[in-house]
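Asker: Let me give you the structure first, and then I'll get to my questions.
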Number of protein chains: 2
Amino acid sequence: MAKGLSEREKLILSAVIATYISDAEPVGSRTISKLKSVNVSPATIRNVMSDLEEMGYLTQPHVSAGRVPTPQGIRFYVESILEVRELDERAKARIRAGFQGRQELEVREVLKTTGRLLSSTSQQAALVSAPNPEQEVFRRMEFVLLRPGLILVVLVARSGGVQNRIIEAEAELGQEDLDKFTRYLNELLADLTLNEVRERLEREMAREKVRFDRVLGRALRLGQQALPWGESGDVFVEGRTNLLGAPEFSDVARLKAIFQAFEERSTLLRLLERSLSAPGVQILMGAEAEVAGLEGLTAVTASYGGEAQPAGALGVIGPARMDYSKIIPIVDYTARLVSQILGSRD
Amino acid sequence: MAKGLSEREKLILSAVIATYISDAEPVGSRTISKLKSVNVSPATIRNVMSDLEEMGYLTQPHVSAGRVPTPQGIRFYVESILEVRELDERAKARIRAGFQGRQELEVREVLKTTGRLLSSTSQQAALVSAPNPEQEVFRRMEFVLLRPGLILVVLVARSGGVQNRIIEAEAELGQEDLDKFTRYLNELLADLTLNEVRERLEREMAREKVRFDRVLGRALRLGQQALPWGESGDVFVEGRTNLLGAPEFSDVARLKAIFQAFEERSTLLRLLERSLSAPGVQILMGAEAEVAGLEGLTAVTASYGGEAQPAGALGVIGPARMDYSKIIPIVDYTARLVSQILGSRD
DNA sequence: CGCTGGCACTCGTTGGGTGAAAGTGCTGAC
DNA sequence: GTCAGCACTTTCACCCAACGAGTGCCAGCG
């Protein structure tokens, strides 16, 4: 009897929400009274509903319509009433199967696959953030001469994440010089985080300046140019089309706002970042999320990577009216699976 | 006076199409007669329109509505009437500016930027296909040991394109072994196309079998595992949201079909591939394109890369009702610019 | 005292009907 | 060949009434 709701009130709130989730329409007292699990008359239900409305858990779109759960209502339901079961083995197996043969992929590909799996199992849109590059551990750096003066840098993190970029350099550098740089830098920077890499390069440059070793100086400079500067992590969005079916998005203007919000990587990233700080599955309701264009949407997110220091976050986003009892375990299990797949590489 | 249309008929067809493009509504005789460039009465225009309808260039949604151009009408207009001007210098500059500072990016990033630029300048959705990996020229291959038994392969093409993949291998291989493999393979495979690389690997493996050189055999085997097998090229889609504004897509079901078609990379690829065979800008009208979900859409595409052997294709896709006089030059110029940017790397 | 059936009331939705607006085709005159 | 005029068609916006879903409240029952 948490939070002062009687058993009956909880039962009816649950019933209203469950019905609303499946029908997307205001639900009336008669509908509820017909449910097998409820054994009271419509009139009684109306009384209870009226109470629940007063508490802010339900509203009426208009006087003669049924009730619709408010965001608070849904939140209360999810947090205090809903019992989250473990995902059943069949569903788990299906998700695992989706990763089958994908373990050999580069991190970004793994995360894209994750997004696709999340969206197809949840029937919602999926968000997956790539690990923050700043936290990655340096593994190796390679310079490949494309043509005189143009160098491709390949930066490999211990997680298997790869970043490529092309930089310009003095034309007289040959591939042999670059190979030398590669060996030098790889030794110098082994097993540092990107932040430490940056520091170390700074320090060594100061030292080399004193010693005036031109070759090493050049290597260090190239190394610095190769690092990602202030690039925020990537976000993968998959399964947007799943949202197109929902009746709450039958308005094209609304859809446009949502899809435009999805293009704004940085806001999505901020949204996902919220779940980095806390363990387990988080629920963010649109109004609270304060993300323009995403009002009325709800995100169910979790972090992946180490418990202590999560690498990134993933989740599902869709109408507030979604089947939380199904989606929460999906997000939870998927996050754990991804942690495991990526973790096995360290 | 091409194709048996009188000057007046052409004038009126153009006027109808131009008006339709800007208003998205059936256009009537009165509207046309009010244009400055047309100096005849509505009645006369009605006669001409009636003729044009008989020829299949216009239709009426219903008896008392204005006329709407048919796909054939638009096609005829674009091919026989429209004079495509060169893009003005300001617009060119704006596109070039979009690439500023982006030349240092990896091929895929360049193409993504291209898509973004195309979609923002055309206000339509943009498609860009990545160069077919089979045609790329081998530049370098690197093996990085992630942990015992797990190897990251980085495959660099001469164009600056990079492919990463993770492969499994015997646990006892160390990074020094891998470095040896790298040197051996890079020498062996220098400047071959991917197809030739494949052949060469086959041949060498046969040879090494005879000589039974275990080390080199392993290197060759790893090299083979690293190659992309039957992976078709990627397609980047950008600016989908631009389509959400158009009145012809106010129907959500229609939108869903379109967006789902956009998820089907392979059909998009086939669509783009059509423009690989012919030079210059191509117009593909939805009905002809035979792509499920894309009926009623039109793609304006062009190939980029060498004239003789194009690397990939790019284009814009949107409602048949688009401003071709603006979009054709945009696609044309962008394709040329991309060819130049990527070409300078060979 | 809580539950329930009954009843009056509210309000959105649906369907038919009507008039205005837009546009056409045709005809006859210049 | 061009054009003004006119009769005709069809959509669209609007109104209005009937309908129905749902509520709140009240009085009676266990």
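Residue numbers start at 1 in each chain; chains themselves are named A, B, ... in the order of the structure tokens; ligands are numbered from 1 in the order shown.
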Counting only C-alpha atoms (C1' of nucleotides), which residues of chain A come no farther than 9 Å from chain D, as a list of chain:residue names?
Answerer: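 The selection requested is A:Gly28, A:Ser29, A:Arg30, A:Arg46, A:Val63, A:Ser64, A:Ala65, A:Gly66.
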Asker: Got a sec to tell me which of region 69-235 of chain A DSSP assigns to strand (DSSP E), as a PyMOL selection string?
Answerer: chain A and resi 69+125-129+138-147+150-157+162-168+235
Asker: Restricted to C-alpha atoms, what would the selected residues look like written as a short mmCIF file (atom, residue, chain, number, x, y, z; two decimals), in the first residue's frame?
Answerer:
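That gives us again.cif:
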data_model
loop_
_atom_site.label_atom_id
_atom_site.label_comp_id
_atom_site.auth_asym_id
_atom_site.auth_seq_id
_atom_site.Cartn_x
_atom_site.Cartn_y
_atom_site.Cartn_z
CA PRO A 69 -3.31 8.66 -17.52
CA ALA A 125 12.73 4.01 -32.01
CA ALA A 126 16.11 3.19 -30.49
CA LEU A 127 18.95 5.42 -29.37
CA VAL A 128 22.50 4.25 -28.76
CA SER A 129 25.35 6.54 -27.84
CA PHE A 138 44.75 4.33 -26.44
CA ARG A 139 45.79 1.20 -28.18
CA ARG A 140 47.54 2.10 -31.37
CA MET A 141 47.99 4.79 -33.93
CA GLU A 142 48.92 4.30 -37.57
CA PHE A 143 49.90 6.78 -40.23
CA VAL A 144 49.25 5.92 -43.85
CA LEU A 145 50.54 8.14 -46.60
CA LEU A 146 47.81 8.71 -49.14
CA ARG A 147 49.82 11.03 -51.33
CA LEU A 150 48.21 13.91 -47.11
CA ILE A 151 48.17 11.40 -44.31
CA LEU A 152 45.47 9.09 -43.07
CA VAL A 153 45.59 8.54 -39.34
CA VAL A 154 43.97 5.50 -37.84
CA LEU A 155 43.44 5.65 -34.11
CA VAL A 156 42.53 2.40 -32.41
CA ALA A 157 41.14 2.22 -28.92
CA VAL A 162 38.51 3.06 -34.58
CA GLN A 163 38.70 6.68 -35.60
CA ASN A 164 39.99 7.77 -38.96
CA ARG A 165 40.95 11.16 -40.08
CA ILE A 166 43.02 12.71 -42.78
CA ILE A 167 45.56 15.34 -41.94
CA GLU A 168 47.90 17.45 -44.00
CA VAL A 235 24.50 8.79 -31.38
#
Asker: Measure the distance from C1' of DC9 (chain C) to CA of Pro26 (chain A) in Å and round it to one decimal.
Answerer: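 Rounded to one decimal, the two atoms are 19.7 Å apart.
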Asker: With only C-alpha atoms (C1' of nucleotides) as the counted atoms, please give the residues lying no more than 12 Å from Leu337 (chain A), apart from itself and same-chain residues fewer than 5 positions off, as a list in words.
Answerer: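 So the residues in contact are Lys92, Ala93, Ile95, Arg96, Ala97, Gly98, Phe99, Gln100, Gln103, Val110, Leu111, Thr114, Leu117, Leu118, Ala302, Ser303, Tyr304, Gly305, Gly306, Leu314, Pro329, Ile330, Val331, Asp332, Leu342, Gly343 and Ser344 of chain A.
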Asker: May I have the residues within 12 Å of Leu11 (chain A) as a list in words, using only C-alpha atoms (C1' of nucleotides) and disregarding those fewer than 3 positions away in the same chain?
Answerer: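 Final neighbour list, sorted by chain and number: Met1, Leu5, Ser6, Glu7, Arg8, Ser14, Ala15, Val16, Ile17, Ala18, Ile32, Ser33, Leu35, Lys36, Ser37, Val38, Asn39, Val40, Ile45, Val48, Met49, Leu52, Tyr77, Ser80, Ile81 and Leu82 of chain A.
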Asker: Go ahead and write the selection's residues with C-alpha atoms as an mmCIF file, in the first residue's frame.
Answerer:
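Wrote it out as out21.cif, contents follow:
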data_model
loop_
_atom_site.group_PDB
_atom_site.id
_atom_site.type_symbol
_atom_site.label_atom_id
_atom_site.label_comp_id
_atom_site.auth_asym_id
_atom_site.auth_seq_id
_atom_site.Cartn_x
_atom_site.Cartn_y
_atom_site.Cartn_z
ATOM 1 C CA MET A 1 0.000 0.000 0.000
ATOM 2 C CA LEU A 5 -3.004 4.295 -2.641
ATOM 3 C CA SER A 6 -5.399 1.533 -1.679
ATOM 4 C CA GLU A 7 -5.136 -1.831 -3.377
ATOM 5 C CA ARG A 8 -8.275 -1.087 -5.303
ATOM 6 C CA SER A 14 -3.143 -0.247 -13.560
ATOM 7 C CA ALA A 15 -6.190 -1.326 -15.496
ATOM 8 C CA VAL A 16 -6.718 2.123 -16.940
ATOM 9 C CA ILE A 17 -3.095 2.405 -17.948
ATOM 10 C CA ALA A 18 -2.970 -1.067 -19.418
ATOM 11 C CA ILE A 32 -12.714 -1.352 -16.870
ATOM 12 C CA SER A 33 -15.597 -3.029 -15.075
ATOM 13 C CA LEU A 35 -12.249 -6.779 -17.153
ATOM 14 C CA LYS A 36 -12.051 -10.139 -15.417
ATOM 15 C CA SER A 37 -9.587 -8.910 -12.839
ATOM 16 C CA VAL A 38 -11.966 -6.182 -11.706
ATOM 17 C CA ASN A 39 -15.108 -7.131 -9.898
ATOM 18 C CA VAL A 40 -16.867 -3.907 -9.150
ATOM 19 C CA ILE A 45 -14.922 2.649 -10.650
ATOM 20 C CA VAL A 48 -12.176 5.685 -7.713
ATOM 21 C CA MET A 49 -11.272 7.291 -11.011
ATOM 22 C CA LEU A 52 -7.286 9.274 -8.949
ATOM 23 C CA TYR A 77 2.527 3.156 -12.178
ATOM 24 C CA SER A 80 5.370 1.795 -7.650
ATOM 25 C CA ILE A 81 2.977 -0.683 -9.161
ATOM 26 C CA LEU A 82 4.586 -2.350 -12.132
#
